[in-house]
Structure formats: structure tokens, C-alpha cells
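These notes concern the structure reproduced below.
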Amino acid sequence: MKLSTRSGAVGSRALWAAGLGQVLALLVFVAVVTIISRLLPSALSGGALIAAGVILAIVPALIWLAFFYQQDRLEPEPKTFMLEVFALGILMASAIGIPLVNEFFRINDWLYTDPIAHLLGSILVVGFTQVFLVWAAVRFSVYQSSEFDERVDGIVYATAAGLGFATMLNFNYVVSRGGVELGIGVVRVAITALAFGSISGVLGYFMGQAKFEHTPAYYLPAGVTLAAVLNGLFFWAQDMVTVRGVTSTPFYGLVLAVIIAIALLGLVFWLIRRANAETLSLAGR
């Protein structure tokens, strides 16, 4: 028992140390982009806009992808599988998620007309659509693979799919705004990657448990619902201030989103430790 407690404490410290390292890496990235943005024209176009979109979208996602990959220490997943699920998340967002939300549900026509519509639409339309597609990206790819062989794999693979999805959302955000205000934009995309990856990790925990435990029929749908509600609340918190103009600067609109993102990261830390502890317990280690 003493050995188990000590190992858990060491693992916890290592987990938070790794998380801090990723946060510092993101801060450096944000600082560099902010400095560069002061030297660029106020609006970008053509190849410069596409390049800015790719860099701003993919770097934060890759930073967090590397972090979550490192947490699967019992039996690390093949990097090719992780990258394939990441790419599938990008494809889901590009081919289905963004067109479905923007063109089929046409949220820009009604979402911001009323505070209640904004909140409910963020959860029921945006939240559920995006989370369901992340679930589908994992469920119909790696879920039945022999590589999905422990509980924490659900967190790892769902996070990879979620970060891929967030990458496409962030790319679309930068390009649709002509690359303006890159200093503010890089903060938003970094927080979006962190939050969406963490929300997907929550979903992945339920997927891992559902595969390896005898769970009730409502267990996985409850996990999808929880992740969808968290995703909707984050979407609502992130854009309601900047879109509705409640405050004078977009940075204030990101404060609540930052708090939610950090809280979600803490939740995923706990779920990773829990999933690994359950696996070790069953293995008698």
C-alpha cells in the first residue's frame, strides 16, 4: 500500500509538471505570435492568410496532443494511430461539423438573437453535434482495434480526435476573419484547443469504461451528454461576451473561457489517474 501511495503521488507530480510544461510552451507560442502580429499588416490575404491559419490552428493542438500522448504510460499507443485519429477529427469537422452547424442549422441567423437561444443552441446544436462527431471518429475507427486495450486509451484517442476537430475550427476562425488581430486570435485558438481536447477526454473516459466494464445502457449516452453540455457551455462562455459586445475588449470575453478550460484540464488529469489506477488494480500491480 505504501508503494502504491508513493507511486500515485509521484505520478501526480509528474502529470502536473508535464501539464505546466505544456502551458509554458503555449505561452511562449502566444508571445511569439503576438510579437510577430505587430509587424504584420492589419489584414492578411492569399497565401499569407492560409499560412497563418495553419500555424495558429495546428501548433497549439500538437502541443496538447503530445502532452496527452505522454500520459498513456502503461502501454503507449502507436503514434500512427494517434495521428490518424487526429486527422479523422479534422476531416469530421471540415466535411460534416462546420457545414452542419453553419449551413444546415444556420446558427448565425438565430443563435445570437436571444440569451436563452444562445445558451440552449450552444448546448443542443453546437455541443451535441461536435461531441457526437468526436465520438463517431473514435467509435468507427480505433475503438474495435486491438490497440484500444485499456481504459485510458479512450481518453487518449478521443482527445486526439477532439484536438483534430479543434484544429479545423481554429483554422476556420482565423481564415474567416482575414487573420486580423492575431494577438487576440492566438489566445482564443490556444484555449479552444485545450478546452476541446479536455472535453473530448471526458467523453473518452466514458468510452473506455463502457468497453471494459459492464456498464448500464445509459452510461455512454450520459457521457456523451455530459461532454456535449460542457462543450456547449464553453462555446457559450467563449463567444457571448465578444459577440454580444458586453465588454469593450475581447480579452475579457476570454477570461471565463480560460477558467473553464483550466478546470476541464484538471478534470481530465483526475480521469487519467483514475483510469490508470483501475487498469493497474485489475492487473494486480
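In the C-alpha cells, the first chain shown is A, the next is B, and so on; residue numbers restart at 1 for each chain, and ligands run from 1 in the order shown.
Omitting region 140-147 of chain A and its sequence neighbours fewer than 2 positions away, and counting only C-alpha atoms, the residues within 8 Å are Glu77, Pro78, Phe81, Val85, Ala136, Ala137, Val138, Asp149 and Tyr157 of chain A.
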Requested in this report: Pick out the residues sitting within 8 Å of region 209-224 of chain A, and hand them over as an MDAnalysis selection string; count only C-alpha atoms, and ignore anything fewer than 2 positions along from it in its own chain.
Outcome: chainID A and resid 128 131:132 135 150:151 202:203 205:207 226:228
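Distances to Val28 (chain A) were evaluated for A:Leu169, A:Ile116, A:Ala277, A:Ile63 using only C-alpha atoms, and the minimum falls at A:Ile63.
Distance annotation: of A:Ile55, A:Phe86, A:Gly154, A:Arg106, the residue with the minimal separation from Phe29 (chain A) is A:Ile55; atom set is only C-alpha atoms.
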Report task. Using backbone DSSP assignments, extract all helix (DSSP H, G or I) residues from region 102-260 of chain A; output them as a PyMOL selection string. Result -> chain A and resi 102-104+107-109+111-113+115-139+151-176+182-212+219-244+250-260
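When only C-alpha atoms are used to measure the gap to Trp236 (chain A), the shortest distance among A:Met168, A:Ala161, A:Val156, A:Val125 belongs to A:Val125.
For the pair CA of Leu27 (chain A) and CA of Ala261 (chain A), the interatomic distance is 14.8 Å.
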Report summary line: With distances taken over only C-alpha atoms, the candidate from A:Phe165, A:Val54, A:Val189, A:Ala117 nearest Ile96 (chain A) is A:Phe165
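Minimum distance to Ile58 (chain A) across A:Leu163, A:Ile272, A:Met82, A:Ala237 (counting only C-alpha atoms) occurs at A:Leu163.
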Query raised in the report: Which is closest to Ser176 (chain A) among A:Gly232, A:Gly47, A:Gly53, A:Gly97, if we use only C-alpha atoms?
Result: A:Gly53
Report summary line: One decimal place gives the CA of Gly127 (chain A)-CA of Tyr173 (chain A) separation as 17.1 Å
Report task. Do a neighbour search on Leu62 (chain A) at 10 Å with only C-alpha atoms, toss out local chain neighbours closer than 6 positions, and write the hits as JSON, numbers by chain. Result -> {"A": [68, 83, 86, 160, 163, 164, 167, 193]}
